[in-house]
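Peer 1: Got a structure here, written out as structure tokens. Questions coming.
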Amino acid sequence: MFIFKFEAFTTLCELHIDAENEVYAQYIAHIISLEAKRLEQKYGFFLENSELYKINHRTTNSVLLDDEFTSLVKLALFYYKKTLGAFDVTLDGTIKLEENQLIFSHDNTKIDFGGLVKEYAVDISIAILKDYKINSALVNFGGDLAAIGNNSGEKWNIGIEDPHNENLNIETVQMDNNSLCSSGHSKRYKEINNKKISHIIVKEENNFQQISIIAPTTVDAGVWSTALLSKPSLIPPSHIRIVKKV
């Protein structure tokens with residue numbers, strides 16, 4: 001098993017690849033890192049030369065998108081509907097899609113793909129690994145994880161971090177050919193007047209600080225962990241497994 005690390009999406013990314021030799025594993029890891037950084041550069045909310053930034057600072061409220069950008073907006077709109085609005089990538093308004101034409105409700109409306117594009121990058125990484133005939137691997141982009149196969153004949157044992165103490169795990173889960181994501185208020189927040197404001201908008205009063213989900217894809221796991229933290233009364237589809245609420 002060969003381990004590689006790099007930075008993307010302002011976080012540490014780690015790959016565990018079971019390959020026939022280190023040179024082959026390193027080649028695959030390089031391809032994955034380039035793709036992750038490409039996605040970060042294209043969809044970075046605060047990156048002034050990103051495509052997303054340019055669209056958010058547009059001069060017209062009707063923008064023609066390329067096919068990849070269109071597919072991400074379609075995903076976002078799909079999950080917005082499935083989660084009854086709990087997962088929402090728009091800020092200050094709404095969007096609609098007519099083929100590849102994105103239409104904003106007004107000038108101030110913006111898109112933030114946080115909670116979607118990093119998870120999408122993990123799923124792309126899994127697809128790359130499978131294309132190169134890798135049967136055992138683990139992808140971890142800042143706590144968004146996906147596994148292929150097993151680890152030396154055993155399932156992957158993954159610890160879920162305590163939201164109150166990053167040095168402790170509150171649960172260990174077993175993974176094989178699925179994904180795990182945890183959404184919480186403690187990691188990503190803004191500080192206003194010495195108060196921490198979570199990046200997740202709570203639409204239903206609750207005391208949960210973190211929710212962890214196992215699902216077939218990382219996008220699925222990430223979206224539903226965020227949506228359920230925002231609105232715990234939601235009933236997710238049967239393929240979504242809640243493994244921990246704290």
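Chains: A, B, ... in order of the structure tokens. Residues: from 1 per chain. Ligands: from 1, in order shown.
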Output as a PyMOL selection string all residues of segment 37-245 of chain A that backbone DSSP marks as helix (DSSP H, G or I).

Peer 2: chain A and resi 37-43+51-56+67-82+117-131+218-230

Peer 1: Export C-alpha atoms of the chosen residues as a PDB file, in the first residue's frame?

Peer 2:
```
ATOM      1  CA  LYS A  37      -6.286  21.186  -8.207  1.00  0.00           C
ATOM      2  CA  ARG A  38      -7.987  21.877 -11.547  1.00  0.00           C
ATOM      3  CA  LEU A  39     -11.404  21.590  -9.909  1.00  0.00           C
ATOM      4  CA  GLU A  40     -10.290  23.768  -7.013  1.00  0.00           C
ATOM      5  CA  GLN A  41      -9.015  26.419  -9.398  1.00  0.00           C
ATOM      6  CA  LYS A  42     -12.146  26.352 -11.567  1.00  0.00           C
ATOM      7  CA  TYR A  43     -14.740  26.439  -8.775  1.00  0.00           C
ATOM      8  CA  GLU A  51     -14.589  30.520 -13.428  1.00  0.00           C
ATOM      9  CA  LEU A  52     -17.013  30.519 -10.513  1.00  0.00           C
ATOM     10  CA  TYR A  53     -15.713  33.867  -9.236  1.00  0.00           C
ATOM     11  CA  LYS A  54     -16.132  35.430 -12.673  1.00  0.00           C
ATOM     12  CA  ILE A  55     -19.698  34.151 -12.929  1.00  0.00           C
ATOM     13  CA  ASN A  56     -20.509  35.413  -9.433  1.00  0.00           C
ATOM     14  CA  ASP A  67     -20.850  20.992 -19.853  1.00  0.00           C
ATOM     15  CA  GLU A  68     -19.017  20.244 -16.596  1.00  0.00           C
ATOM     16  CA  PHE A  69     -20.244  23.417 -14.899  1.00  0.00           C
ATOM     17  CA  THR A  70     -23.753  22.636 -16.141  1.00  0.00           C
ATOM     18  CA  SER A  71     -23.612  19.117 -14.677  1.00  0.00           C
ATOM     19  CA  LEU A  72     -22.621  20.499 -11.256  1.00  0.00           C
ATOM     20  CA  VAL A  73     -25.483  23.006 -11.315  1.00  0.00           C
ATOM     21  CA  LYS A  74     -27.847  20.187 -12.286  1.00  0.00           C
ATOM     22  CA  LEU A  75     -26.559  18.153  -9.326  1.00  0.00           C
ATOM     23  CA  ALA A  76     -27.061  21.116  -6.997  1.00  0.00           C
ATOM     24  CA  LEU A  77     -30.623  21.686  -8.208  1.00  0.00           C
ATOM     25  CA  PHE A  78     -31.394  17.962  -7.943  1.00  0.00           C
ATOM     26  CA  TYR A  79     -30.268  17.847  -4.312  1.00  0.00           C
ATOM     27  CA  TYR A  80     -32.005  21.122  -3.501  1.00  0.00           C
ATOM     28  CA  LYS A  81     -35.260  19.450  -4.517  1.00  0.00           C
ATOM     29  CA  LYS A  82     -34.506  16.121  -2.817  1.00  0.00           C
ATOM     30  CA  VAL A 117     -17.167  20.232  -5.514  1.00  0.00           C
ATOM     31  CA  LYS A 118     -14.669  18.654  -3.072  1.00  0.00           C
ATOM     32  CA  GLU A 119     -16.943  15.646  -2.739  1.00  0.00           C
ATOM     33  CA  TYR A 120     -17.271  15.562  -6.531  1.00  0.00           C
ATOM     34  CA  ALA A 121     -13.464  15.576  -6.752  1.00  0.00           C
ATOM     35  CA  VAL A 122     -13.288  12.520  -4.462  1.00  0.00           C
ATOM     36  CA  ASP A 123     -15.719  10.652  -6.714  1.00  0.00           C
ATOM     37  CA  ILE A 124     -13.676  11.652  -9.779  1.00  0.00           C
ATOM     38  CA  SER A 125     -10.575  10.311  -7.993  1.00  0.00           C
ATOM     39  CA  ILE A 126     -12.298   6.973  -7.445  1.00  0.00           C
ATOM     40  CA  ALA A 127     -13.211   6.849 -11.139  1.00  0.00           C
ATOM     41  CA  ILE A 128      -9.565   7.503 -12.089  1.00  0.00           C
ATOM     42  CA  LEU A 129      -8.349   4.736  -9.774  1.00  0.00           C
ATOM     43  CA  LYS A 130     -10.814   2.288 -11.307  1.00  0.00           C
ATOM     44  CA  ASP A 131      -9.765   3.333 -14.827  1.00  0.00           C
ATOM     45  CA  THR A 218     -19.130  10.998  -1.805  1.00  0.00           C
ATOM     46  CA  VAL A 219     -21.446  13.629  -3.270  1.00  0.00           C
ATOM     47  CA  ASP A 220     -24.409  11.741  -1.812  1.00  0.00           C
ATOM     48  CA  ALA A 221     -22.747  11.419   1.593  1.00  0.00           C
ATOM     49  CA  GLY A 222     -21.635  15.046   1.679  1.00  0.00           C
ATOM     50  CA  VAL A 223     -24.932  16.534   0.574  1.00  0.00           C
ATOM     51  CA  TRP A 224     -27.036  14.520   2.993  1.00  0.00           C
ATOM     52  CA  SER A 225     -24.728  15.097   5.958  1.00  0.00           C
ATOM     53  CA  THR A 226     -25.026  18.840   5.332  1.00  0.00           C
ATOM     54  CA  ALA A 227     -28.772  18.736   4.696  1.00  0.00           C
ATOM     55  CA  LEU A 228     -29.520  16.665   7.806  1.00  0.00           C
ATOM     56  CA  LEU A 229     -27.406  18.937   9.982  1.00  0.00           C
ATOM     57  CA  SER A 230     -29.461  21.845   8.689  1.00  0.00           C
TER      58      SER A 230
END
```

Peer 1: Within segment 92-235 of chain A, find each residue whose DSSP state, derived from the backbone, is strand (DSSP E), and express the selection as a compact mmCIF listing (two decimals) with all heavy atoms, in the first residue's frame.

Peer 2:
```txt
# COMPACT_ATOMS: atom_id res chain seq x y z
N ILE A 95 -31.55 30.29 -8.71
CA ILE A 95 -31.04 30.08 -10.06
C ILE A 95 -31.95 29.11 -10.79
O ILE A 95 -32.66 28.32 -10.17
CB ILE A 95 -29.61 29.53 -10.06
CG1 ILE A 95 -29.52 28.24 -9.24
CG2 ILE A 95 -28.62 30.57 -9.55
CD1 ILE A 95 -28.18 27.54 -9.30
N LYS A 96 -31.90 29.16 -12.11
CA LYS A 96 -32.55 28.13 -12.92
C LYS A 96 -31.69 27.85 -14.13
O LYS A 96 -30.87 28.70 -14.55
CB LYS A 96 -33.97 28.52 -13.32
CG LYS A 96 -34.09 29.71 -14.24
CD LYS A 96 -35.56 29.95 -14.60
CE LYS A 96 -35.71 31.15 -15.52
NZ LYS A 96 -37.13 31.35 -15.92
N LEU A 97 -31.86 26.66 -14.69
CA LEU A 97 -31.02 26.20 -15.78
C LEU A 97 -31.89 25.88 -16.98
O LEU A 97 -32.88 25.16 -16.87
CB LEU A 97 -30.24 24.96 -15.33
CG LEU A 97 -28.97 24.56 -16.06
CD1 LEU A 97 -27.93 25.68 -16.02
CD2 LEU A 97 -28.40 23.29 -15.45
N GLU A 98 -31.53 26.44 -18.13
CA GLU A 98 -32.19 26.13 -19.39
C GLU A 98 -31.12 25.61 -20.34
O GLU A 98 -30.38 26.39 -20.93
CB GLU A 98 -32.89 27.36 -19.95
CG GLU A 98 -34.04 27.86 -19.07
CD GLU A 98 -34.73 29.10 -19.62
OE1 GLU A 98 -34.27 29.62 -20.66
OE2 GLU A 98 -35.72 29.55 -19.00
N GLN A 101 -27.68 27.25 -20.21
CA GLN A 101 -27.84 28.66 -19.85
C GLN A 101 -28.27 28.77 -18.38
O GLN A 101 -29.32 28.26 -17.99
CB GLN A 101 -28.89 29.33 -20.74
CG GLN A 101 -28.79 30.84 -20.81
CD GLN A 101 -27.65 31.30 -21.70
OE1 GLN A 101 -27.23 30.59 -22.60
NE2 GLN A 101 -27.13 32.49 -21.45
N LEU A 102 -27.42 29.41 -17.57
CA LEU A 102 -27.73 29.61 -16.15
C LEU A 102 -28.32 31.00 -15.97
O LEU A 102 -27.73 32.00 -16.40
CB LEU A 102 -26.46 29.47 -15.32
CG LEU A 102 -26.58 29.71 -13.81
CD1 LEU A 102 -27.53 28.70 -13.17
CD2 LEU A 102 -25.21 29.63 -13.14
N ILE A 103 -29.47 31.05 -15.31
CA ILE A 103 -30.17 32.32 -15.12
C ILE A 103 -30.29 32.61 -13.63
O ILE A 103 -30.82 31.80 -12.86
CB ILE A 103 -31.56 32.28 -15.78
CG1 ILE A 103 -31.41 31.99 -17.29
CG2 ILE A 103 -32.30 33.59 -15.56
CD1 ILE A 103 -32.70 31.64 -17.98
N PHE A 104 -29.79 33.78 -13.21
CA PHE A 104 -29.84 34.21 -11.82
C PHE A 104 -31.06 35.08 -11.59
O PHE A 104 -31.47 35.85 -12.48
CB PHE A 104 -28.58 35.01 -11.46
CG PHE A 104 -27.31 34.20 -11.46
CD1 PHE A 104 -26.60 34.00 -12.63
CD2 PHE A 104 -26.84 33.64 -10.28
CE1 PHE A 104 -25.42 33.27 -12.63
CE2 PHE A 104 -25.67 32.90 -10.27
CZ PHE A 104 -24.96 32.71 -11.45
N LYS A 110 -25.40 34.63 -5.92
CA LYS A 110 -24.13 33.96 -6.15
C LYS A 110 -24.27 32.46 -5.91
O LYS A 110 -25.23 31.99 -5.28
CB LYS A 110 -23.05 34.53 -5.22
CG LYS A 110 -22.64 35.96 -5.57
CD LYS A 110 -21.57 36.46 -4.60
CE LYS A 110 -21.00 37.80 -5.05
NZ LYS A 110 -22.02 38.84 -5.21
N ILE A 111 -23.29 31.72 -6.41
CA ILE A 111 -23.20 30.27 -6.21
C ILE A 111 -21.98 29.95 -5.36
O ILE A 111 -20.90 30.52 -5.59
CB ILE A 111 -23.10 29.53 -7.56
CG1 ILE A 111 -24.41 29.66 -8.34
CG2 ILE A 111 -22.76 28.06 -7.34
CD1 ILE A 111 -24.33 29.05 -9.72
N ALA A 137 -8.10 0.90 -2.59
CA ALA A 137 -7.60 2.28 -2.40
C ALA A 137 -8.52 3.03 -1.45
O ALA A 137 -9.69 2.68 -1.27
CB ALA A 137 -7.50 3.01 -3.72
N LEU A 138 -7.96 4.07 -0.87
CA LEU A 138 -8.74 4.98 -0.02
C LEU A 138 -8.39 6.41 -0.42
O LEU A 138 -7.21 6.76 -0.54
CB LEU A 138 -8.42 4.76 1.46
CG LEU A 138 -9.23 5.61 2.45
CD1 LEU A 138 -10.67 5.11 2.54
CD2 LEU A 138 -8.58 5.61 3.83
N VAL A 139 -9.41 7.22 -0.64
CA VAL A 139 -9.24 8.64 -0.96
C VAL A 139 -9.79 9.44 0.20
O VAL A 139 -10.93 9.23 0.63
CB VAL A 139 -9.98 9.01 -2.26
CG1 VAL A 139 -9.83 10.50 -2.57
CG2 VAL A 139 -9.48 8.17 -3.43
N ASN A 140 -8.99 10.38 0.70
CA ASN A 140 -9.42 11.21 1.84
C ASN A 140 -9.05 12.67 1.54
O ASN A 140 -7.89 13.05 1.61
CB ASN A 140 -8.73 10.74 3.12
CG ASN A 140 -9.14 11.57 4.34
OD1 ASN A 140 -9.89 12.54 4.24
ND2 ASN A 140 -8.63 11.20 5.50
N PHE A 141 -10.06 13.46 1.19
CA PHE A 141 -9.86 14.88 0.95
C PHE A 141 -10.44 15.65 2.14
O PHE A 141 -11.63 15.95 2.19
CB PHE A 141 -10.55 15.33 -0.34
CG PHE A 141 -9.87 14.90 -1.62
CD1 PHE A 141 -8.79 14.03 -1.59
CD2 PHE A 141 -10.31 15.36 -2.85
CE1 PHE A 141 -8.16 13.63 -2.77
CE2 PHE A 141 -9.69 14.98 -4.02
CZ PHE A 141 -8.62 14.11 -3.99
N ASP A 144 -13.51 13.95 3.73
CA ASP A 144 -14.45 13.37 2.78
C ASP A 144 -13.77 12.15 2.17
O ASP A 144 -12.77 12.28 1.46
CB ASP A 144 -14.84 14.36 1.69
CG ASP A 144 -15.62 15.54 2.23
OD1 ASP A 144 -16.36 15.36 3.21
OD2 ASP A 144 -15.50 16.65 1.66
N LEU A 145 -14.29 10.96 2.47
CA LEU A 145 -13.58 9.73 2.13
C LEU A 145 -14.38 8.83 1.21
O LEU A 145 -15.61 8.79 1.26
CB LEU A 145 -13.27 8.93 3.41
CG LEU A 145 -12.39 9.58 4.46
CD1 LEU A 145 -13.24 10.12 5.59
CD2 LEU A 145 -11.40 8.56 5.01
N ALA A 146 -13.63 8.08 0.40
CA ALA A 146 -14.22 7.02 -0.42
C ALA A 146 -13.25 5.87 -0.50
O ALA A 146 -12.03 6.07 -0.56
CB ALA A 146 -14.56 7.53 -1.81
N ALA A 147 -13.78 4.64 -0.49
CA ALA A 147 -12.94 3.44 -0.49
C ALA A 147 -13.26 2.56 -1.68
O ALA A 147 -14.41 2.48 -2.13
CB ALA A 147 -13.16 2.66 0.80
N ILE A 148 -12.22 1.91 -2.17
CA ILE A 148 -12.36 0.83 -3.15
C ILE A 148 -11.88 -0.45 -2.49
O ILE A 148 -10.79 -0.48 -1.89
CB ILE A 148 -11.51 1.09 -4.41
CG1 ILE A 148 -11.94 2.36 -5.13
CG2 ILE A 148 -11.60 -0.10 -5.37
CD1 ILE A 148 -11.05 2.70 -6.32
N TRP A 156 -11.84 -1.28 5.45
CA TRP A 156 -11.15 -0.08 5.92
C TRP A 156 -11.78 0.38 7.23
O TRP A 156 -13.00 0.57 7.30
CB TRP A 156 -11.26 1.03 4.89
CG TRP A 156 -10.59 0.73 3.58
CD1 TRP A 156 -11.15 0.13 2.48
CD2 TRP A 156 -9.23 1.02 3.23
NE1 TRP A 156 -10.24 0.03 1.47
CE2 TRP A 156 -9.04 0.57 1.89
CE3 TRP A 156 -8.17 1.62 3.90
CZ2 TRP A 156 -7.84 0.69 1.23
CZ3 TRP A 156 -6.96 1.74 3.23
CH2 TRP A 156 -6.79 1.29 1.92
N ASN A 157 -10.99 0.55 8.27
CA ASN A 157 -11.48 1.06 9.54
C ASN A 157 -11.20 2.56 9.62
O ASN A 157 -10.03 2.98 9.60
CB ASN A 157 -10.80 0.35 10.72
CG ASN A 157 -11.31 -1.06 10.89
OD1 ASN A 157 -12.51 -1.30 10.90
ND2 ASN A 157 -10.40 -2.02 10.98
N ILE A 158 -12.25 3.34 9.69
CA ILE A 158 -12.13 4.80 9.64
C ILE A 158 -12.70 5.40 10.92
O ILE A 158 -13.85 5.11 11.30
CB ILE A 158 -12.88 5.38 8.43
CG1 ILE A 158 -12.41 4.71 7.14
CG2 ILE A 158 -12.70 6.89 8.37
CD1 ILE A 158 -10.95 4.91 6.81
N GLY A 159 -11.92 6.24 11.58
CA GLY A 159 -12.39 6.90 12.78
C GLY A 159 -13.13 8.20 12.46
O GLY A 159 -12.70 8.97 11.60
N ILE A 160 -14.23 8.41 13.14
CA ILE A 160 -14.97 9.67 13.02
C ILE A 160 -14.51 10.60 14.13
O ILE A 160 -14.61 10.27 15.32
CB ILE A 160 -16.49 9.43 13.10
CG1 ILE A 160 -16.95 8.58 11.91
CG2 ILE A 160 -17.24 10.76 13.13
CD1 ILE A 160 -18.41 8.22 11.95
N GLU A 161 -14.04 11.75 13.76
CA GLU A 161 -13.43 12.68 14.70
C GLU A 161 -14.46 13.33 15.62
O GLU A 161 -15.56 13.66 15.21
CB GLU A 161 -12.69 13.77 13.91
CG GLU A 161 -11.82 14.68 14.72
CD GLU A 161 -11.11 15.69 13.83
OE1 GLU A 161 -10.16 15.29 13.14
OE2 GLU A 161 -11.52 16.87 13.83
N ASP A 162 -14.06 13.48 16.86
CA ASP A 162 -14.89 14.19 17.84
C ASP A 162 -14.93 15.68 17.45
O ASP A 162 -13.88 16.31 17.32
CB ASP A 162 -14.27 14.03 19.24
CG ASP A 162 -15.14 14.61 20.35
OD1 ASP A 162 -15.92 15.55 20.09
OD2 ASP A 162 -15.01 14.13 21.49
N ASN A 165 -12.99 17.70 19.96
CA ASN A 165 -11.58 17.40 20.21
C ASN A 165 -11.03 16.63 19.02
O ASN A 165 -11.30 15.43 18.87
CB ASN A 165 -11.42 16.60 21.50
CG ASN A 165 -9.96 16.39 21.89
OD1 ASN A 165 -9.05 16.53 21.07
ND2 ASN A 165 -9.74 16.04 23.14
N GLU A 166 -10.25 17.30 18.16
CA GLU A 166 -9.77 16.68 16.94
C GLU A 166 -8.78 15.54 17.19
O GLU A 166 -8.46 14.78 16.27
CB GLU A 166 -9.12 17.73 16.04
CG GLU A 166 -7.90 18.41 16.63
CD GLU A 166 -7.34 19.47 15.72
OE1 GLU A 166 -8.05 19.91 14.81
OE2 GLU A 166 -6.18 19.88 15.94
N ASN A 167 -8.32 15.39 18.41
CA ASN A 167 -7.40 14.30 18.74
C ASN A 167 -8.12 13.03 19.17
O ASN A 167 -7.47 12.01 19.45
CB ASN A 167 -6.44 14.75 19.85
CG ASN A 167 -5.55 15.89 19.41
OD1 ASN A 167 -5.00 15.87 18.32
ND2 ASN A 167 -5.42 16.90 20.27
N LEU A 168 -9.43 13.07 19.24
CA LEU A 168 -10.20 11.91 19.67
C LEU A 168 -11.18 11.48 18.58
O LEU A 168 -11.68 12.30 17.82
CB LEU A 168 -11.01 12.24 20.94
CG LEU A 168 -10.21 12.55 22.22
CD1 LEU A 168 -11.18 12.93 23.34
CD2 LEU A 168 -9.35 11.36 22.63
N ASN A 169 -11.43 10.17 18.52
CA ASN A 169 -12.47 9.63 17.65
C ASN A 169 -13.65 9.19 18.50
O ASN A 169 -13.48 8.65 19.59
CB ASN A 169 -11.95 8.43 16.85
CG ASN A 169 -10.94 8.84 15.80
OD1 ASN A 169 -10.99 9.96 15.29
ND2 ASN A 169 -10.02 7.95 15.47
N ILE A 170 -14.85 9.44 18.00
CA ILE A 170 -16.05 9.07 18.75
C ILE A 170 -16.69 7.80 18.21
O ILE A 170 -17.60 7.24 18.84
CB ILE A 170 -17.09 10.21 18.73
CG1 ILE A 170 -17.38 10.66 17.30
CG2 ILE A 170 -16.64 11.37 19.59
CD1 ILE A 170 -18.50 11.66 17.18
N GLU A 171 -16.20 7.34 17.05
CA GLU A 171 -16.78 6.15 16.44
C GLU A 171 -15.79 5.63 15.40
O GLU A 171 -15.05 6.40 14.77
CB GLU A 171 -18.10 6.51 15.75
CG GLU A 171 -18.85 5.34 15.17
CD GLU A 171 -19.87 4.76 16.12
OE1 GLU A 171 -20.03 5.29 17.24
OE2 GLU A 171 -20.52 3.78 15.75
N THR A 172 -15.76 4.33 15.20
CA THR A 172 -14.99 3.73 14.12
C THR A 172 -15.95 2.98 13.21
O THR A 172 -16.76 2.17 13.69
CB THR A 172 -13.91 2.77 14.65
OG1 THR A 172 -12.99 3.50 15.47
CG2 THR A 172 -13.14 2.14 13.50
N VAL A 173 -15.89 3.28 11.92
CA VAL A 173 -16.79 2.62 10.96
C VAL A 173 -15.96 1.83 9.96
O VAL A 173 -14.79 2.12 9.72
CB VAL A 173 -17.68 3.64 10.23
CG1 VAL A 173 -18.57 4.37 11.20
CG2 VAL A 173 -16.82 4.64 9.44
N GLN A 174 -16.58 0.81 9.39
CA GLN A 174 -15.93 -0.01 8.39
C GLN A 174 -16.46 0.35 7.00
O GLN A 174 -17.66 0.52 6.80
CB GLN A 174 -16.16 -1.49 8.68
CG GLN A 174 -15.47 -1.98 9.95
CD GLN A 174 -15.59 -3.47 10.12
OE1 GLN A 174 -16.61 -4.07 9.82
NE2 GLN A 174 -14.53 -4.10 10.61
N MET A 175 -15.54 0.46 6.06
CA MET A 175 -15.91 0.88 4.70
C MET A 175 -15.34 -0.09 3.67
O MET A 175 -14.24 -0.61 3.83
CB MET A 175 -15.36 2.28 4.40
CG MET A 175 -15.95 3.40 5.22
SD MET A 175 -15.13 4.96 4.83
CE MET A 175 -15.51 5.13 3.08
N SER A 179 -18.67 5.57 0.51
CA SER A 179 -18.11 6.86 0.92
C SER A 179 -18.61 7.27 2.29
O SER A 179 -19.70 6.86 2.72
CB SER A 179 -18.50 7.94 -0.10
OG SER A 179 -17.96 7.66 -1.38
N LEU A 180 -17.80 8.10 2.96
CA LEU A 180 -18.14 8.61 4.29
C LEU A 180 -17.86 10.11 4.34
O LEU A 180 -16.78 10.55 3.96
CB LEU A 180 -17.31 7.90 5.36
CG LEU A 180 -17.32 8.50 6.77
CD1 LEU A 180 -18.69 8.32 7.43
CD2 LEU A 180 -16.23 7.86 7.63
N CYS A 181 -18.85 10.87 4.79
CA CYS A 181 -18.67 12.31 4.99
C CYS A 181 -19.29 12.72 6.32
O CYS A 181 -20.32 12.19 6.73
CB CYS A 181 -19.33 13.13 3.87
SG CYS A 181 -18.51 12.99 2.28
N SER A 182 -18.65 13.68 6.96
CA SER A 182 -19.19 14.27 8.18
C SER A 182 -19.32 15.77 7.98
O SER A 182 -18.37 16.42 7.52
CB SER A 182 -18.27 13.99 9.38
OG SER A 182 -18.16 12.60 9.63
N SER A 183 -20.47 16.31 8.32
CA SER A 183 -20.66 17.77 8.29
C SER A 183 -20.84 18.25 9.71
O SER A 183 -21.55 17.63 10.51
CB SER A 183 -21.89 18.14 7.46
OG SER A 183 -21.64 17.96 6.09
N GLY A 184 -20.18 19.38 10.03
CA GLY A 184 -20.28 19.91 11.37
C GLY A 184 -20.11 21.40 11.40
O GLY A 184 -19.72 22.03 10.42
N TYR A 189 -16.35 28.01 9.73
CA TYR A 189 -17.21 29.04 10.32
C TYR A 189 -16.61 30.42 10.06
O TYR A 189 -15.45 30.57 9.68
CB TYR A 189 -17.36 28.82 11.83
CG TYR A 189 -16.04 28.83 12.58
CD1 TYR A 189 -15.45 30.02 13.02
CD2 TYR A 189 -15.37 27.64 12.85
CE1 TYR A 189 -14.23 30.02 13.69
CE2 TYR A 189 -14.16 27.63 13.51
CZ TYR A 189 -13.60 28.82 13.94
OH TYR A 189 -12.40 28.82 14.58
N LYS A 190 -17.45 31.42 10.25
CA LYS A 190 -16.99 32.81 10.24
C LYS A 190 -17.06 33.34 11.67
O LYS A 190 -17.90 32.91 12.44
CB LYS A 190 -17.87 33.67 9.33
CG LYS A 190 -17.84 33.27 7.86
CD LYS A 190 -18.80 34.12 7.05
CE LYS A 190 -18.79 33.70 5.59
NZ LYS A 190 -19.77 34.49 4.79
N GLU A 191 -16.17 34.25 12.00
CA GLU A 191 -16.19 34.83 13.34
C GLU A 191 -16.63 36.29 13.25
O GLU A 191 -15.98 37.12 12.61
CB GLU A 191 -14.81 34.73 13.99
CG GLU A 191 -14.86 34.99 15.49
CD GLU A 191 -13.63 34.49 16.22
OE1 GLU A 191 -13.21 33.34 15.98
OE2 GLU A 191 -13.11 35.25 17.04
N ILE A 192 -17.77 36.59 13.85
CA ILE A 192 -18.34 37.93 13.82
C ILE A 192 -18.61 38.37 15.26
O ILE A 192 -19.32 37.69 15.99
CB ILE A 192 -19.66 37.98 13.01
CG1 ILE A 192 -19.39 37.52 11.56
CG2 ILE A 192 -20.26 39.37 13.03
CD1 ILE A 192 -20.64 37.39 10.72
N LYS A 195 -18.06 35.84 17.86
CA LYS A 195 -18.95 34.68 17.86
C LYS A 195 -18.70 33.87 16.59
O LYS A 195 -18.54 34.42 15.51
CB LYS A 195 -20.42 35.12 17.91
CG LYS A 195 -20.84 35.72 19.24
CD LYS A 195 -22.33 36.03 19.24
CE LYS A 195 -22.79 36.57 20.58
NZ LYS A 195 -24.25 36.87 20.59
N LYS A 196 -18.65 32.54 16.76
CA LYS A 196 -18.45 31.66 15.62
C LYS A 196 -19.79 31.40 14.92
O LYS A 196 -20.74 30.94 15.55
CB LYS A 196 -17.83 30.33 16.07
CG LYS A 196 -16.39 30.47 16.58
CD LYS A 196 -15.83 29.13 17.00
CE LYS A 196 -14.38 29.27 17.48
NZ LYS A 196 -13.81 27.97 17.90
N ILE A 197 -19.84 31.70 13.63
CA ILE A 197 -21.04 31.50 12.83
C ILE A 197 -20.77 30.38 11.84
O ILE A 197 -19.88 30.49 11.00
CB ILE A 197 -21.45 32.79 12.08
CG1 ILE A 197 -21.53 33.98 13.05
CG2 ILE A 197 -22.76 32.58 11.35
CD1 ILE A 197 -22.55 33.83 14.14
N SER A 198 -21.52 29.29 11.92
CA SER A 198 -21.30 28.13 11.08
C SER A 198 -21.56 28.46 9.61
O SER A 198 -22.38 29.30 9.27
CB SER A 198 -22.21 26.98 11.51
OG SER A 198 -22.11 25.89 10.62
N GLN A 210 -22.54 17.68 14.66
CA GLN A 210 -21.93 16.94 13.55
C GLN A 210 -22.80 15.75 13.19
O GLN A 210 -23.35 15.09 14.07
CB GLN A 210 -20.53 16.46 13.97
CG GLN A 210 -19.77 15.70 12.90
CD GLN A 210 -18.36 15.40 13.36
OE1 GLN A 210 -17.50 16.28 13.39
NE2 GLN A 210 -18.10 14.16 13.74
N ILE A 211 -22.91 15.47 11.90
CA ILE A 211 -23.62 14.29 11.41
C ILE A 211 -22.75 13.60 10.37
O ILE A 211 -22.20 14.24 9.47
CB ILE A 211 -24.99 14.66 10.82
CG1 ILE A 211 -25.93 15.19 11.93
CG2 ILE A 211 -25.64 13.45 10.13
CD1 ILE A 211 -27.31 15.57 11.45
N SER A 212 -22.61 12.27 10.52
CA SER A 212 -21.78 11.48 9.61
C SER A 212 -22.66 10.50 8.83
O SER A 212 -23.55 9.86 9.40
CB SER A 212 -20.71 10.71 10.39
OG SER A 212 -19.89 11.59 11.13
N ILE A 213 -22.36 10.41 7.52
CA ILE A 213 -23.18 9.62 6.61
C ILE A 213 -22.30 8.68 5.80
O ILE A 213 -21.22 9.07 5.34
CB ILE A 213 -23.93 10.55 5.62
CG1 ILE A 213 -24.92 11.45 6.35
CG2 ILE A 213 -24.63 9.74 4.52
CD1 ILE A 213 -26.15 10.77 6.87
N ILE A 214 -22.77 7.45 5.59
CA ILE A 214 -22.18 6.55 4.61
C ILE A 214 -23.14 6.39 3.45
O ILE A 214 -24.36 6.21 3.66
CB ILE A 214 -21.84 5.18 5.23
CG1 ILE A 214 -20.56 5.27 6.07
CG2 ILE A 214 -21.67 4.11 4.16
CD1 ILE A 214 -20.11 3.97 6.69
N ALA A 215 -22.62 6.50 2.22
CA ALA A 215 -23.46 6.43 1.02
C ALA A 215 -22.65 5.84 -0.13
O ALA A 215 -21.41 5.72 -0.04
CB ALA A 215 -23.96 7.83 0.66
```

Peer 1: So the first atom is atom CA of Thr10 of chain A and the second is atom CA of Leu65 of chain A; what is the distance between them in Å, to one decimal place?

Peer 2: 25.1 Å

Peer 1: Go ahead and compute the interatomic distance for atom CA of Tyr24 of chain A and atom CA of Met1 of chain A, in Å to one decimal.

Peer 2: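 A separation of 11.8 Å between them.
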
Peer 1: Mind pulling up the distance from atom CA of Lys231 of chain A to atom CA of Thr109 of chain A?

Peer 2: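 Answer for the atom CA of Thr109 of chain A to atom CA of Lys231 of chain A separation: 22.9 Å.
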
Peer 1: Write out as a VMD selection string each polymer residue whose atoms come within 7 Å of Leu12 of chain A, counting only C-alpha atoms; drop sequence neighbours fewer than 5 positions from it.

Peer 2: chain A and resid 6 to 7 141 to 142

Peer 1: List the neighbours of Val23 of chain A out to 12 Å using only C-alpha atoms; skip same-chain residues closer than 6 positions along the sequence, and give me the result as a VMD selection string.

Peer 2: chain A and resid 2 to 4 17 29 to 30
